[in-house]
>>> print(open('structure_8.csv').read())   # CSV, C-alpha atoms and all ligand atoms
chain,number,residue,atom,x,y,z
A,18,MET,CA,-10.1,-53.9,56.4
A,19,PRO,CA,-7.9,-50.8,56.1
A,20,PRO,CA,-6.7,-50.0,52.5
A,21,ALA,CA,-3.3,-51.5,51.8
A,22,THR,CA,-0.5,-49.0,52.3
A,23,PRO,CA,2.3,-48.9,49.7
A,24,LYS,CA,5.5,-50.3,51.1
A,25,TYR,CA,7.6,-47.3,50.1
A,26,PHE,CA,5.3,-45.0,52.1
A,27,GLN,CA,5.9,-47.1,55.3
A,28,GLN,CA,9.6,-46.9,54.8
A,29,ALA,CA,9.5,-43.2,54.4
A,30,MET,CA,7.8,-42.7,57.8
A,31,SER,CA,9.9,-41.2,60.6
A,32,PRO,CA,11.7,-43.7,62.8
A,33,ALA,CA,11.1,-41.4,65.8
A,34,ALA,CA,9.3,-42.8,68.9
A,35,ALA,CA,5.6,-43.5,68.4
A,36,PRO,CA,3.3,-40.8,69.6
A,37,PRO,CA,1.5,-41.5,72.9
A,38,PRO,CA,-1.7,-43.6,72.4
A,39,ALA,CA,-4.9,-41.6,72.1
A,40,ALA,CA,-7.2,-41.4,75.1
A,41,PRO,CA,-9.4,-44.5,75.3
A,42,LYS,CA,-13.0,-43.9,74.3
A,43,PRO,CA,-16.1,-45.1,76.3
A,44,LYS,CA,-18.7,-47.2,74.5
A,45,ARG,CA,-20.6,-44.1,73.8
A,46,PRO,CA,-19.4,-40.4,74.1
A,47,PRO,CA,-20.9,-38.8,77.2
A,48,LEU,CA,-23.2,-35.8,76.8
A,49,LEU,CA,-21.5,-32.8,78.4
A,50,ARG,CA,-23.6,-29.9,79.7
A,51,LEU,CA,-23.1,-26.6,81.6
A,52,GLU,CA,-25.7,-25.2,83.9
A,53,LEU,CA,-25.3,-21.6,85.2
A,54,ARG,CA,-27.8,-21.0,88.1
A,55,ASP,CA,-27.2,-17.3,88.4
A,56,LEU,CA,-25.3,-15.3,85.8
A,57,SER,CA,-25.1,-12.3,88.2
A,58,GLN,CA,-22.6,-14.1,90.4
A,59,PRO,CA,-19.1,-12.8,90.0
A,60,GLY,CA,-17.8,-16.4,90.1
A,61,ALA,CA,-20.0,-17.4,87.2
A,62,GLN,CA,-18.9,-14.4,85.2
A,63,SER,CA,-15.3,-15.1,85.9
A,64,PHE,CA,-15.7,-18.7,84.8
A,65,LEU,CA,-17.2,-17.7,81.5
A,66,ALA,CA,-14.4,-15.2,81.0
A,67,LEU,CA,-11.5,-17.6,81.9
A,68,VAL,CA,-12.6,-21.0,80.7
A,69,SER,CA,-13.9,-22.4,77.4
A,70,ALA,CA,-16.4,-24.8,78.9
A,71,PRO,CA,-16.6,-27.2,75.9
A,72,THR,CA,-12.9,-27.5,75.7
A,73,ALA,CA,-12.3,-27.8,79.5
A,74,LEU,CA,-14.9,-30.5,79.9
A,75,GLU,CA,-13.8,-32.5,76.8
A,76,GLU,CA,-10.2,-32.3,77.9
A,77,ALA,CA,-11.1,-33.3,81.4
A,78,VAL,CA,-12.9,-36.4,80.2
A,79,ALA,CA,-10.0,-37.3,77.8
A,80,GLY,CA,-7.4,-36.7,80.5
A,81,VAL,CA,-9.2,-38.8,83.1
A,82,LEU,CA,-9.8,-41.7,80.7
A,83,SER,CA,-6.2,-41.5,79.5
A,84,HIS,CA,-4.8,-41.8,83.0
A,85,LEU,CA,-7.2,-44.4,84.3
A,86,TYR,CA,-8.0,-46.6,81.3
A,87,ARG,CA,-5.2,-46.4,78.7
A,88,GLY,CA,-4.6,-49.8,77.2
A,89,LEU,CA,-7.9,-51.3,78.7
A,90,PRO,CA,-10.9,-52.3,76.7
A,91,PRO,CA,-14.0,-50.1,76.6
A,92,HIS,CA,-16.0,-52.4,78.9
A,93,CYS,CA,-13.6,-51.5,81.7
A,94,ILE,CA,-14.8,-47.9,81.6
A,95,PRO,CA,-17.9,-47.0,83.7
A,96,PRO,CA,-21.0,-46.4,81.6
A,97,THR,CA,-21.3,-42.7,82.4
A,98,ARG,CA,-23.8,-41.2,79.9
A,99,SER,CA,-23.7,-37.5,80.9
A,100,VAL,CA,-21.8,-35.0,83.0
A,101,THR,CA,-23.4,-31.7,83.9
A,102,LEU,CA,-21.3,-29.0,85.4
A,103,VAL,CA,-23.5,-26.9,87.7
A,104,LEU,CA,-22.2,-23.5,88.7
A,105,ARG,CA,-24.0,-22.2,91.7
A,106,SER,CA,-23.7,-20.3,95.0
A,107,MET,CA,-22.9,-22.7,97.8
A,108,SER,CA,-20.4,-23.3,100.6
A,109,GLY,CA,-17.4,-25.5,100.1
A,110,VAL,CA,-15.6,-26.0,96.8
A,111,ALA,CA,-17.2,-28.7,94.7
A,112,TYR,CA,-18.7,-32.2,94.8
A,113,THR,CA,-20.0,-34.8,92.3
A,114,VAL,CA,-23.2,-36.8,92.6
A,115,GLY,CA,-25.1,-39.3,90.4
A,116,LYS,CA,-28.7,-38.5,89.7
A,117,ASP,CA,-31.2,-40.3,91.9
A,118,LEU,CA,-32.9,-42.2,89.2
A,119,ASP,CA,-29.9,-43.1,87.2
A,120,ASP,CA,-26.3,-43.0,88.6
A,121,ASP,CA,-24.9,-43.0,85.0
A,122,HIS,CA,-25.8,-39.3,84.8
A,123,LYS,CA,-23.4,-37.3,86.9
A,124,GLU,CA,-23.5,-33.7,88.2
A,125,ILE,CA,-20.5,-31.7,89.2
A,126,HIS,CA,-21.5,-28.9,91.5
A,127,PHE,CA,-18.9,-26.1,91.7
A,128,SER,CA,-19.2,-23.1,94.0
A,129,THR,CA,-19.3,-19.7,92.4
A,130,ASN,CA,-18.4,-18.2,95.8
A,131,TYR,CA,-15.2,-20.3,95.8
A,132,ILE,CA,-14.3,-19.3,92.3
A,133,ALA,CA,-14.6,-15.6,93.1
A,134,ALA,CA,-12.4,-16.0,96.1
A,135,VAL,CA,-9.4,-17.7,94.3
A,136,PRO,CA,-6.7,-15.1,93.6
A,137,GLU,CA,-7.1,-14.0,90.0
A,138,ALA,CA,-3.6,-14.8,88.9
A,139,ARG,CA,-4.2,-18.5,89.3
A,140,ARG,CA,-8.0,-18.7,89.0
A,141,ALA,CA,-8.0,-20.3,85.6
A,142,GLN,CA,-5.6,-23.0,86.6
A,143,GLU,CA,-7.6,-23.7,89.8
A,144,LEU,CA,-10.8,-24.0,87.8
A,145,LEU,CA,-9.3,-26.6,85.6
A,146,GLY,CA,-7.8,-28.4,88.5
A,147,VAL,CA,-11.0,-28.7,90.4
A,148,ILE,CA,-12.9,-29.8,87.3
A,149,ARG,CA,-10.3,-32.5,86.6
A,150,HIS,CA,-10.6,-33.8,90.2
A,151,GLU,CA,-14.3,-33.9,90.0
A,152,MET,CA,-14.3,-35.5,86.6
A,153,VAL,CA,-12.4,-38.4,88.0
A,154,HIS,CA,-15.3,-39.1,90.3
A,155,CYS,CA,-17.5,-39.4,87.2
A,156,TRP,CA,-15.3,-42.2,85.8
A,157,GLN,CA,-13.6,-44.1,88.6
A,158,TRP,CA,-14.5,-47.4,90.2
A,159,SER,CA,-15.2,-47.7,93.9
A,160,ALA,CA,-15.3,-51.5,94.6
A,161,LYS,CA,-19.2,-51.3,94.6
A,162,GLY,CA,-19.1,-48.5,97.1
A,163,THR,CA,-16.8,-50.3,99.6
A,164,ALA,CA,-13.4,-48.6,98.8
A,165,PRO,CA,-12.1,-46.2,101.4
A,166,GLY,CA,-13.1,-42.6,100.7
A,167,GLY,CA,-9.5,-41.5,101.1
A,168,LEU,CA,-8.5,-43.8,98.3
A,169,ILE,CA,-11.2,-42.5,96.0
A,170,GLU,CA,-10.1,-38.9,96.8
A,171,GLY,CA,-6.5,-39.8,96.4
A,172,ILE,CA,-7.0,-41.2,92.9
A,173,ALA,CA,-8.8,-38.0,92.0
A,174,ASP,CA,-5.9,-35.9,93.2
A,175,TRP,CA,-3.3,-38.2,91.6
A,176,VAL,CA,-5.0,-37.6,88.2
A,177,ARG,CA,-4.9,-33.9,88.9
A,178,LEU,CA,-1.2,-34.2,89.9
A,179,ARG,CA,-0.4,-36.1,86.7
A,180,SER,CA,-2.3,-33.6,84.7
A,181,GLY,CA,0.0,-30.8,85.8
A,182,LEU,CA,-2.7,-28.9,87.7
A,183,VAL,CA,-1.1,-28.9,91.2
A,184,PRO,CA,-2.1,-25.9,93.3
A,185,PRO,CA,0.6,-24.1,95.3
A,186,HIS,CA,-0.8,-25.2,98.7
A,187,TRP,CA,-0.3,-28.9,98.1
A,188,LYS,CA,2.3,-30.5,100.3
A,189,GLN,CA,3.8,-34.0,100.2
A,190,GLU,CA,3.3,-35.5,103.7
A,191,VAL,CA,4.2,-38.9,105.1
A,192,ASP,CA,2.7,-38.6,108.6
A,193,GLY,CA,-0.8,-39.8,109.5
A,194,ASP,CA,-2.7,-42.6,107.6
A,195,TRP,CA,-2.2,-43.6,104.0
A,196,ASP,CA,-5.9,-43.1,103.3
A,197,ALA,CA,-6.2,-39.5,104.7
A,198,GLY,CA,-7.2,-38.7,101.1
A,199,TYR,CA,-6.7,-35.9,98.6
A,200,GLN,CA,-3.1,-35.0,97.8
A,201,HIS,CA,-1.9,-36.8,100.9
A,202,THR,CA,-2.9,-40.1,99.3
A,203,GLY,CA,-2.4,-38.8,95.8
A,204,TYR,CA,1.4,-38.4,96.4
A,205,PHE,CA,1.5,-41.9,97.9
A,206,LEU,CA,-0.1,-43.3,94.8
A,207,GLU,CA,2.5,-41.4,92.7
A,208,TYR,CA,5.2,-43.1,94.8
A,209,LEU,CA,3.6,-46.5,93.9
A,210,GLU,CA,3.4,-45.5,90.3
A,211,LYS,CA,7.1,-44.7,90.3
A,212,ARG,CA,8.1,-47.8,92.3
A,213,PHE,CA,6.0,-50.4,90.6
A,214,GLY,CA,5.9,-48.9,87.2
A,215,GLU,CA,3.7,-46.9,84.9
A,216,GLY,CA,0.1,-48.1,85.0
A,217,SER,CA,0.2,-49.0,88.8
A,218,VAL,CA,-2.6,-46.6,89.7
A,219,ARG,CA,-4.6,-47.8,86.7
A,220,ARG,CA,-4.3,-51.3,88.2
A,221,VAL,CA,-5.6,-49.9,91.5
A,222,ASN,CA,-8.6,-48.4,89.8
A,223,GLU,CA,-9.2,-51.6,87.7
A,224,ALA,CA,-9.0,-53.7,90.8
A,225,LEU,CA,-11.9,-51.6,92.3
A,226,ARG,CA,-14.2,-52.5,89.3
A,227,GLU,CA,-15.8,-55.7,90.2
A,228,ARG,CA,-14.9,-56.9,93.7
A,229,LYS,CA,-15.6,-55.5,97.1
A,230,TYR,CA,-12.6,-54.0,98.9
A,231,ASP,CA,-10.7,-56.3,101.2
A,232,GLU,CA,-7.7,-54.3,102.5
A,233,ASP,CA,-5.3,-57.2,103.1
A,234,MET,CA,-5.9,-59.0,99.8
A,235,PHE,CA,-6.3,-55.9,97.7
A,236,TRP,CA,-2.7,-54.5,98.1
A,237,GLU,CA,-1.0,-57.8,98.4
A,238,ASP,CA,-2.6,-59.0,95.1
A,239,LEU,CA,-1.4,-55.8,93.4
A,240,PHE,CA,2.0,-55.1,94.9
A,241,GLY,CA,2.9,-58.1,97.1
A,242,GLU,CA,2.8,-56.1,100.3
A,243,LYS,CA,0.2,-54.9,102.8
A,244,VAL,CA,-0.7,-51.2,102.5
A,245,GLY,CA,0.8,-50.5,105.9
A,246,LYS,CA,4.2,-51.7,104.7
A,247,LEU,CA,3.9,-49.8,101.5
A,248,TRP,CA,3.1,-46.6,103.4
A,249,GLU,CA,6.2,-47.2,105.7
A,250,ASP,CA,8.4,-47.7,102.7
A,251,TYR,CA,7.0,-44.5,101.2
A,252,GLY,CA,7.9,-42.6,104.5
A,253,GLU,CA,11.4,-44.0,104.4
A,254,SER,CA,11.9,-43.1,100.8
A,255,PHE,CA,10.7,-39.6,101.5
A,256,GLY,CA,13.0,-39.2,104.5
A,257,LYS,CA,16.0,-39.7,102.2
A,258,THR,CA,15.0,-36.8,100.0
A,259,LYS,CA,13.3,-34.7,102.6
A,260,GLY,CA,15.9,-31.9,102.7
A,261,GLU,CA,15.8,-31.6,99.0
A,262,GLU,CA,12.0,-31.5,98.9
A,263,ASN,CA,11.8,-28.8,101.6
A,264,GLY,CA,14.3,-26.7,99.7
A,265,LYS,CA,12.2,-26.9,96.5
A,266,LYS,CA,9.0,-26.0,98.2
A,267,LYS,CA,10.2,-23.0,100.1
A,268,GLY,CA,8.1,-20.0,99.4
A,269,GLN,CA,5.2,-22.0,98.2
A,270,THR,CA,3.2,-22.1,101.4
A,271,GLU,CA,0.1,-20.3,100.6
A,272,GLY,CA,-2.5,-21.7,102.9
A,273,GLU,CA,-5.9,-22.8,101.6
A,274,GLU,CA,-8.4,-25.3,102.8
A,275,ARG,CA,-10.4,-27.3,100.4
A,276,GLU,CA,-13.6,-29.1,100.9
A,277,GLU,CA,-14.8,-31.6,98.4
A,278,VAL,CA,-16.7,-34.8,98.1
B,301,ZN,ZN,-13.3,-35.5,95.5
>>> encode(input="structure_8.csv", output="structure tokens")
Amino acid sequence: MPPATPKYFQQAMSPAAAPPPAAPKPKRPPLLRLELRDLSQPGAQSFLALVSAPTALEEAVAGVLSHLYRGLPPHCIPPTRSVTLVLRSMSGVAYTVGKDLDDDHKEIHFSTNYIAAVPEARRAQELLGVIRHEMVHCWQWSAKGTAPGGLIEGIADWVRLRSGLVPPHWKQEVDGDWDAGYQHTGYFLEYLEKRFGEGSVRRVNEALRERKYDEDMFWEDLFGEKVGKLWEDYGESFGKTKGEENGKKKGQTEGEEREEV
């Protein structure tokens, strides 16, 4: 039982809006680790100079849990026990895996070659953005491995988008398939979040927790429509504001390919 608070104190409190709820906590706090395979790599040195690893990893966990599990009980959060960020020389950008013997222990592998190649002016922001994307993979559900890969990647980039870590090369596109992944699907999820209300993407992730993925039932249960229709609606809504969007994005066309798992 909390101690009784004197009534006059309650009355003296500010009537301003309540602060946002704190990030939900998993049943036990995850062990966070950093592994540097080669300190002579310029990318590794740059990481150490630009990023406080404890802060970046703790904030990534809190940010991901806040976006995917706010308002949900702890048993809805995956039982991830540790996350190790491994900086090493490799091709591509980054990927996340579970350890062979125990999938509750995750490893985020991040390429030091990639880090060194990002323009210095926005390197710190890109490091945080990639870590945030990969951290989602450590904490999201996947319908027991049956969810489309594009939806998994879309949720990861939606969290990155919502975290204010959008890189300049991202574009909102409505052509192609809804599950093409990454920011392509991430912006579609943002449309659903705005159309159906705050917490819509959280409901998508929660619906991937226990059942296997059945495309027709999945989207109709959540939003009353098949995903093809939702994707069409998204295209139409985008068409109405296309001129405006293009105007806003002019001059932000730096090309960059990313490769992640
Ligand atoms: Zn990914």
>>> atom_distance(input="structure_8.csv", atom1="atom CA of Asn130 of chain A", atom2="atom CA of Gly115 of chain A")
22.8 Å
>>> closest_atom_pairs(input="structure_8.csv", of="chain A", to="ligand ZN 301 (chain B)", cutoff="8 Å", atoms="all atoms listed in the file", output="tab-separated table")
residue	atom	partner	partner_atom	distance
A:Ala111	CA	B:ZN301	ZN	7.9
A:Tyr112	CA	B:ZN301	ZN	6.4
A:Thr113	CA	B:ZN301	ZN	7.5
A:His150	CA	B:ZN301	ZN	6.2
A:Glu151	CA	B:ZN301	ZN	5.8
A:His154	CA	B:ZN301	ZN	6.6
A:Ile169	CA	B:ZN301	ZN	7.3
A:Glu170	CA	B:ZN301	ZN	4.8
A:Ala173	CA	B:ZN301	ZN	6.2
A:Asp174	CA	B:ZN301	ZN	7.8
A:Tyr199	CA	B:ZN301	ZN	7.3
A:Glu277	CA	B:ZN301	ZN	5.1
A:Val278	CA	B:ZN301	ZN	4.3
>>> atom_distance(input="structure_8.csv", atom1="atom CA of Glu215 of chain A", atom2="atom CA of Ile172 of chain A")
14.5 Å
>>> closest_residue(input="structure_8.csv", among="A:Arg177, A:Lys161, A:Arg87, A:Arg228", to="Leu144 of chain A", atoms="only C-alpha atoms")
A:Arg177
>>> closest_residue(input="structure_8.csv", among="A:Arg226, A:Gly241, A:Lys246, A:Gln58", to="Gly162 of chain A", atoms="only C-alpha atoms")
A:Arg226
>>> residues_around(input="structure_8.csv", residues="Phe235 of chain A", least_positions_apart="3", cutoff="12 Å", atoms="only C-alpha atoms", output="list in words")
Ala160, Ala164, Pro165, Arg220, Val221, Asn222, Glu223, Ala224, Leu225, Arg228, Lys229, Tyr230, Asp231, Glu232, Asp238, Leu239, Phe240, Gly241, Glu242, Lys243 and Val244 of chain A
>>> atom_distance(input="structure_8.csv", atom1="atom CA of Arg139 of chain A", atom2="atom CA of Leu182 of chain A")
10.6 Å
>>> decode(input="structure_8.csv", residues="segment 23-112 of chain A", atoms="C-alpha atoms", output="PDB file, in the first residue's frame")
ATOM      1  CA  PRO A  23      -2.401  14.515   2.462  1.00  0.00           C
ATOM      2  CA  LYS A  24      -5.360  15.952   0.616  1.00  0.00           C
ATOM      3  CA  TYR A  25      -3.997  19.499   0.461  1.00  0.00           C
ATOM      4  CA  PHE A  26      -0.960  18.206  -1.411  1.00  0.00           C
ATOM      5  CA  GLN A  27      -3.125  16.589  -4.082  1.00  0.00           C
ATOM      6  CA  GLN A  28      -5.037  19.796  -4.532  1.00  0.00           C
ATOM      7  CA  ALA A  29      -1.829  21.741  -4.912  1.00  0.00           C
ATOM      8  CA  MET A  30      -0.692  19.635  -7.851  1.00  0.00           C
ATOM      9  CA  SER A  31      -0.669  21.142 -11.323  1.00  0.00           C
ATOM     10  CA  PRO A  32      -3.867  20.622 -13.318  1.00  0.00           C
ATOM     11  CA  ALA A  33      -1.759  20.364 -16.506  1.00  0.00           C
ATOM     12  CA  ALA A  34      -2.033  17.276 -18.720  1.00  0.00           C
ATOM     13  CA  ALA A  35      -0.560  14.130 -17.211  1.00  0.00           C
ATOM     14  CA  PRO A  36       2.953  13.286 -18.412  1.00  0.00           C
ATOM     15  CA  PRO A  37       3.177  10.460 -20.967  1.00  0.00           C
ATOM     16  CA  PRO A  38       3.224   7.053 -19.277  1.00  0.00           C
ATOM     17  CA  ALA A  39       6.651   5.587 -18.634  1.00  0.00           C
ATOM     18  CA  ALA A  40       7.921   2.913 -21.018  1.00  0.00           C
ATOM     19  CA  PRO A  41       6.622  -0.505 -20.028  1.00  0.00           C
ATOM     20  CA  LYS A  42       9.128  -2.805 -18.360  1.00  0.00           C
ATOM     21  CA  PRO A  43       9.779  -6.427 -19.290  1.00  0.00           C
ATOM     22  CA  LYS A  44       9.526  -9.060 -16.552  1.00  0.00           C
ATOM     23  CA  ARG A  45      13.243  -8.740 -16.002  1.00  0.00           C
ATOM     24  CA  PRO A  46      15.581  -6.048 -17.345  1.00  0.00           C
ATOM     25  CA  PRO A  47      17.673  -7.324 -20.274  1.00  0.00           C
ATOM     26  CA  LEU A  48      21.430  -7.564 -20.017  1.00  0.00           C
ATOM     27  CA  LEU A  49      22.889  -5.092 -22.534  1.00  0.00           C
ATOM     28  CA  ARG A  50      26.375  -5.724 -23.909  1.00  0.00           C
ATOM     29  CA  LEU A  51      28.794  -4.241 -26.418  1.00  0.00           C
ATOM     30  CA  GLU A  52      31.348  -6.289 -28.344  1.00  0.00           C
ATOM     31  CA  LEU A  53      34.010  -4.570 -30.435  1.00  0.00           C
ATOM     32  CA  ARG A  54      35.737  -7.075 -32.662  1.00  0.00           C
ATOM     33  CA  ASP A  55      38.475  -4.767 -33.920  1.00  0.00           C
ATOM     34  CA  LEU A  56      39.266  -1.419 -32.309  1.00  0.00           C
ATOM     35  CA  SER A  57      41.536  -0.446 -35.214  1.00  0.00           C
ATOM     36  CA  GLN A  58      38.522  -0.162 -37.553  1.00  0.00           C
ATOM     37  CA  PRO A  59      37.694   3.517 -38.242  1.00  0.00           C
ATOM     38  CA  GLY A  60      33.996   2.645 -37.937  1.00  0.00           C
ATOM     39  CA  ALA A  61      34.515   1.243 -34.435  1.00  0.00           C
ATOM     40  CA  GLN A  62      36.495   4.306 -33.366  1.00  0.00           C
ATOM     41  CA  SER A  63      33.868   6.596 -34.819  1.00  0.00           C
ATOM     42  CA  PHE A  64      31.122   4.741 -32.939  1.00  0.00           C
ATOM     43  CA  LEU A  65      32.961   5.181 -29.646  1.00  0.00           C
ATOM     44  CA  ALA A  66      33.517   8.874 -30.338  1.00  0.00           C
ATOM     45  CA  LEU A  67      29.921   9.614 -31.337  1.00  0.00           C
ATOM     46  CA  VAL A  68      27.724   7.367 -29.228  1.00  0.00           C
ATOM     47  CA  SER A  69      27.410   6.602 -25.541  1.00  0.00           C
ATOM     48  CA  ALA A  70      26.693   2.889 -25.879  1.00  0.00           C
ATOM     49  CA  PRO A  71      24.946   2.398 -22.493  1.00  0.00           C
ATOM     50  CA  THR A  72      22.644   5.344 -23.116  1.00  0.00           C
ATOM     51  CA  ALA A  73      21.974   4.466 -26.756  1.00  0.00           C
ATOM     52  CA  LEU A  74      21.082   0.855 -25.976  1.00  0.00           C
ATOM     53  CA  GLU A  75      18.964   1.691 -22.925  1.00  0.00           C
ATOM     54  CA  GLU A  76      17.098   4.380 -24.846  1.00  0.00           C
ATOM     55  CA  ALA A  77      16.566   2.026 -27.781  1.00  0.00           C
ATOM     56  CA  VAL A  78      15.031  -0.629 -25.511  1.00  0.00           C
ATOM     57  CA  ALA A  79      12.807   1.930 -23.748  1.00  0.00           C
ATOM     58  CA  GLY A  80      11.769   3.500 -27.066  1.00  0.00           C
ATOM     59  CA  VAL A  81      10.874   0.189 -28.674  1.00  0.00           C
ATOM     60  CA  LEU A  82       8.922  -1.026 -25.637  1.00  0.00           C
ATOM     61  CA  SER A  83       7.125   2.283 -25.405  1.00  0.00           C
ATOM     62  CA  HIS A  84       5.979   2.140 -29.027  1.00  0.00           C
ATOM     63  CA  LEU A  85       5.060  -1.544 -29.112  1.00  0.00           C
ATOM     64  CA  TYR A  86       3.827  -2.345 -25.586  1.00  0.00           C
ATOM     65  CA  ARG A  87       2.573   0.804 -23.844  1.00  0.00           C
ATOM     66  CA  GLY A  88      -0.544  -0.066 -21.885  1.00  0.00           C
ATOM     67  CA  LEU A  89      -0.010  -3.823 -22.229  1.00  0.00           C
ATOM     68  CA  PRO A  90       0.871  -6.156 -19.333  1.00  0.00           C
ATOM     69  CA  PRO A  91       4.466  -7.488 -19.038  1.00  0.00           C
ATOM     70  CA  HIS A  92       3.513 -10.990 -20.246  1.00  0.00           C
ATOM     71  CA  CYS A  93       2.819  -9.439 -23.686  1.00  0.00           C
ATOM     72  CA  ILE A  94       6.518  -8.489 -23.995  1.00  0.00           C
ATOM     73  CA  PRO A  95       8.878 -11.139 -25.462  1.00  0.00           C
ATOM     74  CA  PRO A  96      11.175 -12.734 -22.844  1.00  0.00           C
ATOM     75  CA  THR A  97      14.384 -11.283 -24.306  1.00  0.00           C
ATOM     76  CA  ARG A  98      17.129 -11.755 -21.713  1.00  0.00           C
ATOM     77  CA  SER A  99      20.101 -10.085 -23.354  1.00  0.00           C
ATOM     78  CA  VAL A 100      21.018  -7.929 -26.328  1.00  0.00           C
ATOM     79  CA  THR A 101      24.628  -7.791 -27.506  1.00  0.00           C
ATOM     80  CA  LEU A 102      25.641  -5.136 -30.007  1.00  0.00           C
ATOM     81  CA  VAL A 103      28.502  -6.572 -32.071  1.00  0.00           C
ATOM     82  CA  LEU A 104      30.514  -4.085 -34.117  1.00  0.00           C
ATOM     83  CA  ARG A 105      32.514  -5.847 -36.795  1.00  0.00           C
ATOM     84  CA  SER A 106      33.746  -5.611 -40.350  1.00  0.00           C
ATOM     85  CA  MET A 107      31.207  -7.129 -42.730  1.00  0.00           C
ATOM     86  CA  SER A 108      29.213  -6.311 -45.870  1.00  0.00           C
ATOM     87  CA  GLY A 109      25.728  -4.813 -45.628  1.00  0.00           C
ATOM     88  CA  VAL A 110      24.479  -2.628 -42.791  1.00  0.00           C
ATOM     89  CA  ALA A 111      23.196  -4.635 -39.849  1.00  0.00           C
ATOM     90  CA  TYR A 112      21.177  -7.669 -38.854  1.00  0.00           C
TER      91      TYR A 112
END
